[in-house]
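Encoded as structure tokens, the structure appears first; notes follow it.
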Amino acid sequence: MQATGHPPSHEARYTCHVLFMQRNLHHSLIRLHQYIGDGWVILFSHPGDFTPVCTTELGKMSAYANKFAQRRVKLLGLSCDDVQSHNDWIKDIEAYTTGCKVDYPIIADPNRQLIKQLNMVDPDEKDSEGNQIKLSFLYPASTGRNMDEVLRALDSLQKAQKFKVATPVNWKPGDPVVIPPNVTSEQAKDMFPDILKGTKLQT
């Protein structure tokens with residue numbers, strides 16, 4: 001997620017295919033720096049459509065849309081699939097988050113070009129000694145870190161590593177978790193027999 005309050009440099013003046021949801025389903029090209037203008041934009045990226053954690057996040061962004069609008073901030077999503085996939089994904093997002101309406105545009109980046117150029121991709125990073133980097137925070141010098149969020153993120157990372165699960169938007173210890181899509185229904189039943197006994201899983 002990135003927030004900017006001024007036009008990016010010349011190198012960041014990208015042209016994007018975007019699905020606009022405000023009135024009718026349609027897509028068009030935008031110049032990213034022109035969309036930002038001289039205001040604020042929160043650009044949030046996702047590795048692909050229909051991923052369970054991202055679905056919860058986009059729904060919550062919609063639920064918070066008025067709070068961002070009060071601060072004169074535009075929302076702009078980015079996901080590494082095409083416009084048609086975005087169109088279908090919106091239905092899942094709105095079905096999962098009760099009462100939400102996705103009214104912000106979503107960039108289509110099926111070739112993962114823009115997400116790499118903006119350095120928003122989530123590679124399996126390792127340092128020079130081979131230790132894996134699980135999470136990084138980047139704050140400007142004027143904004144102090146949120147230590148509650150650091151602890152929350154750490155709890156999420158440790159739970160994910162121990163139990164092979166993922167955590168949805170705004171997760172806190174004790175809240176329900178998500179079974180990642182790379183875990184099959186049969187694997188999930190073996191991994192969580194007490195929780196999933198008699199439960200029919202959707203795949």
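Order determines the names: the first chain of the structure tokens is A, the second B, and so forth; residues in each chain are numbered 1 upward, and ligands are numbered 1 upward as they are shown.
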
Subject >> Shell around A:Ala153 at 9 Å using only C-alpha atoms, local window under 5 positions removed, as a PyMOL selection string >> reply: chain A and resi 135+148+158+172

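You can rank A:Tyr35, A:Phe50, A:Tyr64, A:Tyr104 by their closest distance to A:Ser85 using only C-alpha atoms, and at the top of that list sits A:Phe50.
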
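The two atoms in question, atom CA of A:Met191 and atom CA of A:Gly59, are spaced 28.3 Å apart.
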
Subject >> Selected residue of minimal separation from A:Arg112 among A:Trp171, A:Met61, A:Cys80, A:Asp194, counting only C-alpha atoms >> reply: A:Cys80

**OP:** Taking the DSSP assignment computed from this structure's backbone, write out as a PyMOL selection string all residues of stretch 91-189 of chain A that belong to strand (DSSP E or B).
**Re:** chain A and resi 106-108+126+132+166+178

**OP:** List the neighbours of A:Ile115 out to 8 Å using only C-alpha atoms; skip same-chain residues closer than 6 positions along the sequence, and give me the result as a VMD selection string.
**Re:** chain A and resid 45 78 80 109 121

Original post:
Any idea what's packed within 9 Å of A:Glu57, counting only C-alpha atoms, ignoring anything in its chain fewer than 4 positions away? Could you give it as a PyMOL selection string?
Top reply: chain A and resi 52-53+61-62+93+168-170

Write the residues of the preceding selection, restricted to all heavy atoms, as a compact mmCIF listing (two decimals), in the first residue's frame.
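What ended up in result03.txt:
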# COMPACT_ATOMS: atom_id res chain seq x y z
N PRO A 52 -8.19 -15.14 -0.89
CA PRO A 52 -9.13 -14.88 0.23
C PRO A 52 -8.77 -13.67 1.08
O PRO A 52 -9.65 -12.89 1.46
CB PRO A 52 -9.06 -16.19 1.04
CG PRO A 52 -7.82 -16.87 0.61
CD PRO A 52 -7.59 -16.48 -0.81
N VAL A 53 -7.49 -13.49 1.41
CA VAL A 53 -7.12 -12.35 2.24
C VAL A 53 -7.37 -11.04 1.50
O VAL A 53 -7.91 -10.08 2.06
CB VAL A 53 -5.64 -12.46 2.68
CG1 VAL A 53 -5.19 -11.18 3.39
CG2 VAL A 53 -5.44 -13.65 3.60
N MET A 61 -11.73 -1.84 2.46
CA MET A 61 -11.43 -0.55 1.87
C MET A 61 -12.71 0.15 1.44
O MET A 61 -12.88 1.36 1.62
CB MET A 61 -10.49 -0.70 0.68
CG MET A 61 -9.07 -1.13 1.03
SD MET A 61 -8.17 0.01 2.10
CE MET A 61 -7.70 1.27 0.93
N SER A 62 -13.65 -0.61 0.89
CA SER A 62 -14.94 -0.03 0.51
C SER A 62 -15.70 0.46 1.74
O SER A 62 -16.32 1.53 1.71
CB SER A 62 -15.78 -1.07 -0.23
OG SER A 62 -15.20 -1.41 -1.46
N ILE A 93 -16.19 -9.95 -3.61
CA ILE A 93 -15.84 -8.97 -2.59
C ILE A 93 -17.09 -8.41 -1.93
O ILE A 93 -17.19 -8.35 -0.70
CB ILE A 93 -15.01 -7.83 -3.21
CG1 ILE A 93 -13.67 -8.36 -3.73
CG2 ILE A 93 -14.79 -6.70 -2.20
CD1 ILE A 93 -12.92 -7.36 -4.61
N PRO A 168 -7.14 -12.61 7.78
CA PRO A 168 -7.86 -11.62 6.97
C PRO A 168 -7.63 -10.20 7.45
O PRO A 168 -6.89 -9.96 8.41
CB PRO A 168 -9.33 -12.04 7.17
CG PRO A 168 -9.35 -12.65 8.54
CD PRO A 168 -8.02 -13.35 8.69
N VAL A 169 -8.24 -9.25 6.76
CA VAL A 169 -8.11 -7.84 7.09
C VAL A 169 -8.51 -7.59 8.54
O VAL A 169 -9.45 -8.20 9.07
CB VAL A 169 -8.97 -6.99 6.12
CG1 VAL A 169 -10.45 -7.28 6.30
CG2 VAL A 169 -8.69 -5.51 6.27
N ASN A 170 -7.75 -6.73 9.21
CA ASN A 170 -8.03 -6.31 10.59
C ASN A 170 -8.01 -7.46 11.59
O ASN A 170 -8.55 -7.33 12.70
CB ASN A 170 -9.38 -5.58 10.68
CG ASN A 170 -9.33 -4.20 10.05
OD1 ASN A 170 -8.28 -3.74 9.63
ND2 ASN A 170 -10.47 -3.54 9.98
